[in-house]
>>> print(open('coords-v3.txt').read())   # compact mmCIF, C-alpha atoms
# COMPACT_ATOMS: atom_id res chain seq x y z
CA MET V 1 -22.39 -30.65 -6.31
CA GLU V 2 -24.98 -32.30 -4.09
CA LYS V 3 -28.41 -30.74 -3.83
CA PRO V 4 -28.72 -29.20 -0.33
CA GLN V 5 -31.45 -30.61 1.88
CA GLY V 6 -34.50 -28.40 1.70
CA GLU V 7 -33.29 -26.57 -1.43
CA ALA V 8 -36.37 -25.07 -3.09
CA VAL V 9 -34.93 -24.50 -6.54
CA ASN V 10 -36.81 -27.37 -8.21
CA GLU V 11 -40.18 -27.30 -6.47
CA VAL V 12 -41.68 -26.11 -9.80
CA PRO V 13 -41.45 -28.56 -12.74
CA LEU V 14 -38.60 -27.60 -15.06
CA GLN V 15 -40.90 -26.98 -18.01
CA GLU V 16 -42.76 -24.36 -15.96
CA GLN V 17 -39.68 -22.54 -14.73
CA SER V 18 -38.07 -19.60 -16.45
CA VAL V 19 -35.25 -20.49 -18.82
CA GLN V 20 -32.81 -18.83 -16.45
CA LYS V 21 -33.92 -20.93 -13.47
CA GLN V 22 -33.91 -24.06 -15.59
CA LEU V 23 -30.34 -23.41 -16.70
CA LEU V 24 -29.25 -22.77 -13.11
CA TYR V 25 -30.81 -26.06 -12.06
CA GLU V 26 -29.16 -27.96 -14.89
CA MET V 27 -25.74 -26.46 -14.07
CA ARG V 28 -26.07 -27.19 -10.37
CA TYR V 29 -27.82 -30.56 -10.27
CA GLY V 30 -28.79 -31.67 -13.77
CA ARG V 31 -27.24 -32.61 -17.07
CA PHE V 32 -24.45 -29.98 -16.90
CA LYS V 33 -23.44 -30.46 -13.25
CA ASP V 34 -20.12 -32.07 -14.18
CA ASP V 35 -19.32 -29.80 -17.13
CA ASP V 36 -17.08 -26.75 -17.21
CA ARG V 37 -18.83 -25.28 -20.27
CA LEU V 38 -22.35 -25.13 -21.70
CA PRO V 39 -23.00 -26.54 -25.19
CA ARG V 40 -23.01 -24.19 -28.17
CA GLU V 41 -26.12 -22.02 -28.41
CA SER V 42 -27.82 -23.91 -31.25
CA LEU V 43 -27.53 -27.24 -29.43
CA LEU V 44 -28.50 -25.75 -26.05
CA ALA V 45 -31.62 -24.16 -27.55
CA ASP V 46 -32.63 -27.55 -28.96
CA ILE V 47 -32.03 -29.26 -25.62
CA LEU V 48 -34.24 -26.74 -23.81
CA ASN V 49 -36.78 -26.60 -26.66
CA ILE V 50 -36.67 -22.81 -26.88
CA SER V 51 -35.68 -20.24 -29.49
CA ARG V 52 -32.14 -18.92 -29.69
CA THR V 53 -33.50 -15.44 -28.91
CA GLN V 54 -34.97 -16.71 -25.62
CA LEU V 55 -31.73 -18.49 -24.85
CA ARG V 56 -29.54 -15.46 -25.53
CA ASP V 57 -31.63 -13.27 -23.24
CA SER V 58 -31.26 -15.80 -20.40
CA LEU V 59 -27.55 -16.30 -21.02
CA ALA V 60 -27.01 -12.53 -20.95
CA GLU V 61 -28.74 -12.34 -17.55
CA LEU V 62 -26.76 -15.28 -16.16
CA GLU V 63 -23.56 -13.63 -17.38
CA ARG V 64 -24.54 -10.34 -15.75
CA GLU V 65 -25.07 -12.20 -12.47
CA GLY V 66 -21.69 -13.94 -12.77
CA PHE V 67 -22.90 -17.53 -13.12
CA ILE V 68 -21.32 -17.88 -16.55
CA SER V 69 -18.66 -16.12 -18.63
CA ARG V 70 -18.83 -15.85 -22.43
CA LYS V 71 -16.11 -14.99 -24.91
CA GLN V 72 -15.78 -15.44 -28.64
CA GLY V 73 -13.73 -18.54 -29.34
CA LEU V 74 -13.94 -19.87 -25.79
CA GLY V 75 -17.66 -20.57 -25.55
CA THR V 76 -19.76 -20.31 -22.40
CA ILE V 77 -17.80 -21.13 -19.23
CA ILE V 78 -19.69 -22.25 -16.11
CA ASN V 79 -18.40 -20.40 -13.05
CA ARG V 80 -18.58 -23.10 -10.39
CA HIS V 81 -17.10 -20.79 -7.76
CA VAL V 82 -20.12 -18.51 -8.20
CA LEU V 83 -22.72 -21.29 -8.42
CA ASP V 84 -21.45 -22.63 -5.09
CA VAL V 85 -22.11 -19.36 -3.22
CA PRO V 86 -25.16 -20.13 -1.02
CA VAL V 87 -26.41 -16.59 -0.31
CA ARG V 88 -25.68 -13.49 -2.35
CA MET V 89 -26.52 -9.97 -1.24
CA ASP V 90 -26.61 -8.75 -4.84
CA LEU V 91 -29.46 -11.12 -5.75
CA GLU V 92 -32.95 -10.98 -4.25
CA ILE V 93 -33.79 -14.18 -2.38
CA GLU V 94 -36.50 -14.95 0.17
CA PHE V 95 -35.54 -15.20 3.84
CA MET V 96 -36.55 -18.86 4.06
CA ASP V 97 -34.29 -19.77 1.14
CA MET V 98 -31.44 -17.82 2.75
CA ILE V 99 -31.69 -20.08 5.79
CA ARG V 100 -32.04 -23.27 3.76
CA ARG V 101 -29.01 -22.44 1.66
CA SER V 102 -27.05 -21.76 4.85
CA GLY V 103 -27.70 -25.37 5.90
CA LYS V 104 -30.32 -24.63 8.56
CA LYS V 105 -34.01 -25.41 8.98
CA PRO V 106 -36.04 -22.21 8.49
CA ALA V 107 -39.25 -21.09 10.13
CA GLU V 108 -41.07 -17.79 10.06
CA LYS V 109 -43.31 -16.17 12.65
CA LEU V 110 -45.65 -13.28 11.96
CA GLU V 111 -44.84 -10.96 14.85
CA SER V 112 -47.41 -8.19 14.40
CA VAL V 113 -49.65 -6.43 11.88
CA GLY V 114 -50.94 -2.90 12.28
CA THR V 115 -51.60 0.51 10.81
CA VAL V 116 -48.99 3.16 11.54
CA LEU V 117 -47.87 6.68 10.75
CA SER V 118 -44.13 7.16 10.33
CA SER V 119 -42.55 10.26 8.85
CA SER V 120 -39.28 8.45 8.12
CA ALA V 121 -40.99 5.53 6.36
CA ALA V 122 -43.30 7.93 4.51
CA ALA V 123 -40.29 9.81 3.17
CA LYS V 124 -38.80 6.56 1.86
CA LEU V 125 -42.08 5.75 0.11
CA SER V 126 -42.58 9.29 -1.24
CA ILE V 127 -46.01 9.62 0.40
CA GLY V 128 -47.44 12.22 2.76
CA ARG V 129 -46.49 12.31 6.43
CA THR V 130 -50.12 11.69 7.40
CA ASP V 131 -50.64 8.80 4.96
CA GLU V 132 -51.26 5.54 6.79
CA MET V 133 -49.12 2.47 6.18
CA LEU V 134 -49.57 -1.21 6.86
CA LEU V 135 -46.70 -2.41 9.06
CA VAL V 136 -45.97 -6.13 8.98
CA SER V 137 -43.20 -7.41 11.23
CA ARG V 138 -41.87 -10.95 11.27
CA ILE V 139 -39.12 -13.06 12.79
CA VAL V 140 -37.22 -15.73 10.87
CA THR V 141 -35.49 -18.53 12.75
CA ALA V 142 -32.72 -20.98 11.80
CA ASP V 143 -32.95 -24.29 13.67
CA GLY V 144 -35.25 -22.51 16.12
CA VAL V 145 -32.91 -19.58 16.78
CA PRO V 146 -34.09 -16.07 15.76
CA VAL V 147 -31.73 -14.70 13.10
CA ILE V 148 -33.73 -12.09 11.14
CA TYR V 149 -36.20 -9.45 12.28
CA CYS V 150 -37.97 -7.57 9.50
CA GLU V 151 -40.44 -4.68 9.33
CA ASP V 152 -42.26 -4.09 6.03
CA TYR V 153 -44.17 -0.85 5.36
CA ILE V 154 -46.80 -0.73 2.58
CA PRO V 155 -48.92 2.39 1.83
CA LYS V 156 -52.49 1.55 2.82
CA HIS V 157 -53.93 3.17 -0.29
CA PHE V 158 -52.30 0.37 -2.31
CA ILE V 159 -54.48 -2.28 -0.64
CA ARG V 160 -57.38 -3.11 -2.95
CA ARG V 161 -59.41 -5.63 -0.96
CA GLU V 162 -60.02 -7.27 2.40
CA TYR V 163 -57.44 -9.81 3.51
CA ASP V 164 -56.78 -12.15 6.43
CA SER V 165 -53.68 -12.98 8.44
CA SER V 166 -52.98 -16.14 6.46
CA GLU V 167 -52.14 -14.00 3.43
CA LEU V 168 -49.58 -12.09 5.47
CA SER V 169 -47.96 -15.35 6.54
CA LYS V 170 -46.83 -15.84 2.95
CA PRO V 171 -43.80 -14.01 1.52
CA ILE V 172 -44.59 -10.30 1.61
CA PHE V 173 -44.06 -9.98 -2.16
CA SER V 174 -46.98 -12.38 -2.70
CA PHE V 175 -49.21 -10.14 -0.58
CA LEU V 176 -47.97 -7.08 -2.44
CA LYS V 177 -48.92 -8.65 -5.77
CA ASP V 178 -52.15 -10.42 -4.80
CA CYS V 179 -53.69 -7.81 -2.53
CA CYS V 180 -52.17 -4.58 -3.82
CA GLY V 181 -51.64 -5.33 -7.50
CA LYS V 182 -48.02 -4.21 -7.15
CA GLU V 183 -44.85 -6.03 -8.16
CA ALA V 184 -41.37 -5.20 -6.91
CA TYR V 185 -39.10 -4.86 -9.93
CA LEU V 186 -35.91 -3.79 -8.14
CA ASP V 187 -34.76 -2.53 -4.77
CA VAL V 188 -32.24 -0.03 -3.53
CA THR V 189 -30.70 -1.14 -0.26
CA GLU V 190 -28.34 0.59 2.15
CA ILE V 191 -26.29 -1.88 4.18
CA LYS V 192 -24.59 -0.93 7.42
CA PRO V 193 -23.79 -2.26 10.90
CA CYS V 194 -25.95 -1.29 13.83
CA ALA V 195 -26.26 -2.04 17.53
CA ALA V 196 -29.38 -3.85 18.73
CA VAL V 197 -31.80 -1.47 20.44
CA PRO V 198 -34.01 -2.93 23.22
CA SER V 199 -37.03 -3.68 21.00
CA VAL V 200 -34.94 -5.49 18.36
CA ALA V 201 -32.72 -7.21 20.93
CA GLN V 202 -35.79 -8.67 22.64
CA ARG V 203 -37.15 -10.11 19.40
CA LEU V 204 -33.81 -11.58 18.33
CA ARG V 205 -32.94 -12.80 21.87
CA VAL V 206 -29.64 -10.96 21.97
CA THR V 207 -28.30 -8.46 24.45
CA VAL V 208 -28.82 -4.76 23.90
CA GLY V 209 -25.91 -3.34 21.92
CA THR V 210 -25.14 -6.60 20.08
CA PRO V 211 -23.70 -5.82 16.60
CA LEU V 212 -26.20 -6.58 13.84
CA LEU V 213 -26.22 -6.24 10.06
CA TYR V 214 -28.91 -3.74 9.06
CA MET V 215 -30.49 -3.41 5.61
CA ASP V 216 -32.60 -0.38 4.77
CA GLU V 217 -34.49 -1.33 1.60
CA VAL V 218 -36.91 0.43 -0.73
CA ASP V 219 -38.64 -1.69 -3.39
CA TYR V 220 -39.75 -0.05 -6.64
CA ASP V 221 -42.12 -1.20 -9.37
CA PHE V 222 -41.22 -1.23 -13.06
CA GLU V 223 -42.11 2.44 -13.43
CA GLY V 224 -39.90 3.47 -10.50
CA VAL V 225 -42.69 4.01 -7.96
CA PRO V 226 -41.78 3.00 -4.36
CA VAL V 227 -44.12 0.16 -3.35
CA MET V 228 -42.60 -1.09 -0.08
CA TYR V 229 -40.06 -0.03 2.52
CA SER V 230 -38.28 -2.61 4.70
CA ARG V 231 -36.07 -2.52 7.77
CA GLN V 232 -34.16 -5.78 8.17
CA TYR V 233 -31.91 -6.84 11.05
CA PHE V 234 -29.61 -9.88 10.78
CA VAL V 235 -27.81 -11.69 13.59
CA ASP V 236 -24.17 -12.37 12.72
CA GLY V 237 -22.76 -15.87 12.28
CA ILE V 238 -25.66 -17.69 10.59
CA ILE V 239 -25.91 -16.34 7.04
CA ALA V 240 -22.75 -15.60 5.06
CA HIS V 241 -23.72 -12.64 2.88
CA THR V 242 -21.57 -12.63 -0.26
CA VAL V 243 -21.42 -10.10 -3.10
CA VAL V 244 -20.38 -11.07 -6.64
CA ARG V 245 -19.19 -8.12 -8.76
CA ARG V 246 -18.07 -8.11 -12.38
CA LYS V 247 -15.31 -5.76 -13.40
CA ILE V 248 -16.37 -3.09 -15.91
>>> encode(input="coords-v3.txt", output="structure tokens")
Amino acid sequence: MEKPQGEAVNEVPLQEQSVQKQLLYEMRYGRFKDDDRLPRESLLADILNISRTQLRDSLAELEREGFISRKQGLGTIINRHVLDVPVRMDLEIEFMDMIRRSGKKPAEKLESVGTVLSSSAAAKLSIGRTDEMLLVSRIVTADGVPVIYCEDYIPKHFIRREYDSSELSKPIFSFLKDCCGKEAYLDVTEIKPCAAVPSVAQRLRVTVGTPLLYMDEVDYDFEGVPVMYSRQYFVDGIIAHTVVRRKI
């Protein structure tokens, strides 16, 4: 499999990546790109210069995500049909990488930043109706065409220090970590179709009523505390959202 132009998977040296990311790279583009199975665990641990405990943890996660299948007597099978899926809805991936993996050139524009009150967003974040939130909205383009409009709500009492707009131009999870001391551990997302209302239609340059894919997402930290609420609108036809599900 050829490495897609603009693919960001190997921007960090392999020795500094997590074992899981390193294995994904090796299966897609590296020493295992032409193999249908991974080596036995003892040999693979030696190749990666890690302990077998570290390796098993990473293999278990890759199996859970469908990239590999393991069975006694058969070894570790590489699922090429899963590795080749460019964008998966069941795995968290930044907007810019979504566009790159869809074969387009991404760009992101910070649309607006402000302080708001919103009873519906407050309910999602389990805060008071009169608690202020930072609202950051942005537009993501593919080859210059708007394809994603996103609104992120962060409780203002999380913000620990002064910041400038350049920090909000980075991925919102970086701002959440660096400025708020919060890390998103998992999210719960409701996915449904919606029709573009005037404000969203204007930003995405579509006609009012155009069908969009809408994601209503709440991000939680490790302890289960809501740390961010997002409203995301996707134009159809650019990103193929795929879900990989294992049978249980």
>>> atom_distance(input="coords-v3.txt", atom1="CA of Leu24 (chain V)", atom2="CA of Val85 (chain V)")
12.7 Å
>>> closest_residue(input="coords-v3.txt", among="V:Leu134, V:Ile127, V:Met27, V:Ala240", to="Val225 (chain V)", atoms="all atoms listed in the file")
V:Ile127
>>> closest_residue(input="coords-v3.txt", among="V:Glu217, V:Glu63, V:Asp187, V:Asp143", to="Lys104 (chain V)", atoms="all atoms listed in the file")
V:Asp143
>>> residues_around(input="coords-v3.txt", residues="Ile99 (chain V)", least_positions_apart="2", cutoff="10 Å", atoms="only C-alpha atoms", output="list in words")
Gly6, Glu7, Pro86, Val87, Glu94, Phe95, Met96, Asp97, Arg101, Ser102, Gly103, Lys104, Lys105, Pro106, Ala107, Val140, Thr141, Ala142, Asp143, Val147, Ile148, Ile238 and Ile239 of chain V
>>> residues_around(input="coords-v3.txt", residues="Asp164 (chain V)", least_positions_apart="3", cutoff="12 Å", atoms="all atoms listed in the file", output="PyMOL selection string")
chain V and resi 113+161+167-170+175+179
>>> write_last_selection(input="coords-v3.txt", atoms="C-alpha atoms", output="CSV table (one decimal), keeping the file's coordinate frame")
chain,number,residue,atom,x,y,z
V,113,VAL,CA,-49.6,-6.4,11.9
V,161,ARG,CA,-59.4,-5.6,-1.0
V,167,GLU,CA,-52.1,-14.0,3.4
V,168,LEU,CA,-49.6,-12.1,5.5
V,169,SER,CA,-48.0,-15.4,6.5
V,170,LYS,CA,-46.8,-15.8,3.0
V,175,PHE,CA,-49.2,-10.1,-0.6
V,179,CYS,CA,-53.7,-7.8,-2.5
>>> closest_residue(input="coords-v3.txt", among="V:Ser51, V:Gln232, V:Thr76, V:Ser174", to="Ala196 (chain V)", atoms="only C-alpha atoms")
V:Gln232
>>> residues_around(input="coords-v3.txt", residues="Gly66 (chain V)", least_positions_apart="6", cutoff="7 Å", atoms="only C-alpha atoms", output="PyMOL selection string")
chain V and resi 82+244+246
>>> residues_around(input="coords-v3.txt", residues="Pro39 (chain V)", least_positions_apart="5", cutoff="10 Å", atoms="only C-alpha atoms", output="ChimeraX atom specification")
/V:32,44-45,47,75-77
>>> atom_distance(input="coords-v3.txt", atom1="CA of Arg129 (chain V)", atom2="CA of Ser112 (chain V)")
22.0 Å
>>> decode(input="coords-v3.txt", residues="region 9-91 of chain V", atoms="C-alpha atoms", output="mmCIF file, in the first residue's frame")
data_model
loop_
_atom_site.group_PDB
_atom_site.id
_atom_site.type_symbol
_atom_site.label_atom_id
_atom_site.label_comp_id
_atom_site.auth_asym_id
_atom_site.auth_seq_id
_atom_site.Cartn_x
_atom_site.Cartn_y
_atom_site.Cartn_z
ATOM 1 C CA VAL V 9 1.242 9.055 10.558
ATOM 2 C CA ASN V 10 5.053 9.202 10.580
ATOM 3 C CA GLU V 11 5.751 12.848 11.376
ATOM 4 C CA VAL V 12 7.088 11.668 14.781
ATOM 5 C CA PRO V 13 10.190 9.416 14.709
ATOM 6 C CA LEU V 14 9.217 5.780 15.167
ATOM 7 C CA GLN V 15 11.174 5.421 18.397
ATOM 8 C CA GLU V 16 9.103 8.242 19.918
ATOM 9 C CA GLN V 17 5.736 6.899 18.837
ATOM 10 C CA SER V 18 3.554 4.609 20.898
ATOM 11 C CA VAL V 19 4.020 0.911 20.201
ATOM 12 C CA GLN V 20 0.540 0.821 18.709
ATOM 13 C CA LYS V 21 1.270 3.633 16.242
ATOM 14 C CA GLN V 22 4.612 2.090 15.377
ATOM 15 C CA LEU V 23 2.981 -1.244 14.588
ATOM 16 C CA LEU V 24 0.339 0.455 12.444
ATOM 17 C CA TYR V 25 3.064 2.241 10.515
ATOM 18 C CA GLU V 26 5.051 -0.951 10.010
ATOM 19 C CA MET V 27 1.956 -2.833 8.781
ATOM 20 C CA ARG V 28 0.947 -0.055 6.401
ATOM 21 C CA TYR V 29 4.262 1.207 5.043
ATOM 22 C CA GLY V 30 7.172 -0.533 6.769
ATOM 23 C CA ARG V 31 8.686 -3.946 7.203
ATOM 24 C CA PHE V 32 5.329 -5.790 7.399
ATOM 25 C CA LYS V 33 3.548 -4.014 4.531
ATOM 26 C CA ASP V 34 3.659 -7.105 2.300
ATOM 27 C CA ASP V 35 2.931 -9.661 5.020
ATOM 28 C CA ASP V 36 -0.378 -11.276 5.908
ATOM 29 C CA ARG V 37 0.733 -12.082 9.472
ATOM 30 C CA LEU V 38 2.903 -10.518 12.174
ATOM 31 C CA PRO V 39 5.885 -12.483 13.530
ATOM 32 C CA ARG V 40 5.485 -14.471 16.734
ATOM 33 C CA GLU V 41 5.392 -12.342 19.879
ATOM 34 C CA SER V 42 8.915 -13.104 21.103
ATOM 35 C CA LEU V 43 10.464 -12.135 17.759
ATOM 36 C CA LEU V 44 8.217 -9.070 17.344
ATOM 37 C CA ALA V 45 9.152 -7.809 20.820
ATOM 38 C CA ASP V 46 12.840 -8.128 19.906
ATOM 39 C CA ILE V 47 12.312 -6.296 16.619
ATOM 40 C CA LEU V 48 10.588 -3.397 18.384
ATOM 41 C CA ASN V 49 12.973 -3.521 21.370
ATOM 42 C CA ILE V 50 10.151 -3.663 23.905
ATOM 43 C CA SER V 51 8.959 -6.125 26.538
ATOM 44 C CA ARG V 52 6.411 -8.798 25.694
ATOM 45 C CA THR V 53 4.044 -7.198 28.224
ATOM 46 C CA GLN V 54 4.163 -3.888 26.320
ATOM 47 C CA LEU V 55 3.659 -5.744 23.065
ATOM 48 C CA ARG V 56 0.672 -7.739 24.305
ATOM 49 C CA ASP V 57 -1.080 -4.599 25.521
ATOM 50 C CA SER V 58 -0.643 -2.962 22.104
ATOM 51 C CA LEU V 59 -1.697 -6.087 20.213
ATOM 52 C CA ALA V 60 -4.826 -6.347 22.365
ATOM 53 C CA GLU V 61 -5.740 -2.747 21.474
ATOM 54 C CA LEU V 62 -5.072 -3.289 17.763
ATOM 55 C CA GLU V 63 -7.243 -6.405 17.885
ATOM 56 C CA ARG V 64 -10.030 -4.504 19.630
ATOM 57 C CA GLU V 65 -9.895 -1.901 16.851
ATOM 58 C CA GLY V 66 -9.998 -4.589 14.151
ATOM 59 C CA PHE V 67 -6.558 -4.037 12.618
ATOM 60 C CA ILE V 68 -5.436 -7.551 13.502
ATOM 61 C CA SER V 69 -7.037 -10.879 14.449
ATOM 62 C CA ARG V 70 -5.412 -13.365 16.836
ATOM 63 C CA LYS V 71 -6.176 -17.025 17.390
ATOM 64 C CA GLN V 72 -4.271 -19.842 19.011
ATOM 65 C CA GLY V 73 -2.544 -21.881 16.332
ATOM 66 C CA LEU V 74 -3.073 -19.309 13.584
ATOM 67 C CA GLY V 75 -0.940 -16.461 14.900
ATOM 68 C CA THR V 76 -1.619 -12.768 14.381
ATOM 69 C CA ILE V 77 -3.366 -12.021 11.081
ATOM 70 C CA ILE V 78 -3.081 -8.526 9.569
ATOM 71 C CA ASN V 79 -6.496 -7.316 8.408
ATOM 72 C CA ARG V 80 -5.596 -5.404 5.243
ATOM 73 C CA HIS V 81 -9.248 -4.613 4.529
ATOM 74 C CA VAL V 82 -9.370 -2.681 7.815
ATOM 75 C CA LEU V 83 -5.961 -1.013 7.453
ATOM 76 C CA ASP V 84 -7.073 0.334 4.065
ATOM 77 C CA VAL V 85 -10.109 2.174 5.488
ATOM 78 C CA PRO V 86 -9.127 5.880 5.327
ATOM 79 C CA VAL V 87 -11.559 7.360 7.875
ATOM 80 C CA ARG V 88 -13.304 5.491 10.672
ATOM 81 C CA MET V 89 -16.096 6.935 12.778
ATOM 82 C CA ASP V 90 -15.313 4.547 15.628
ATOM 83 C CA LEU V 91 -11.780 5.929 16.048
#
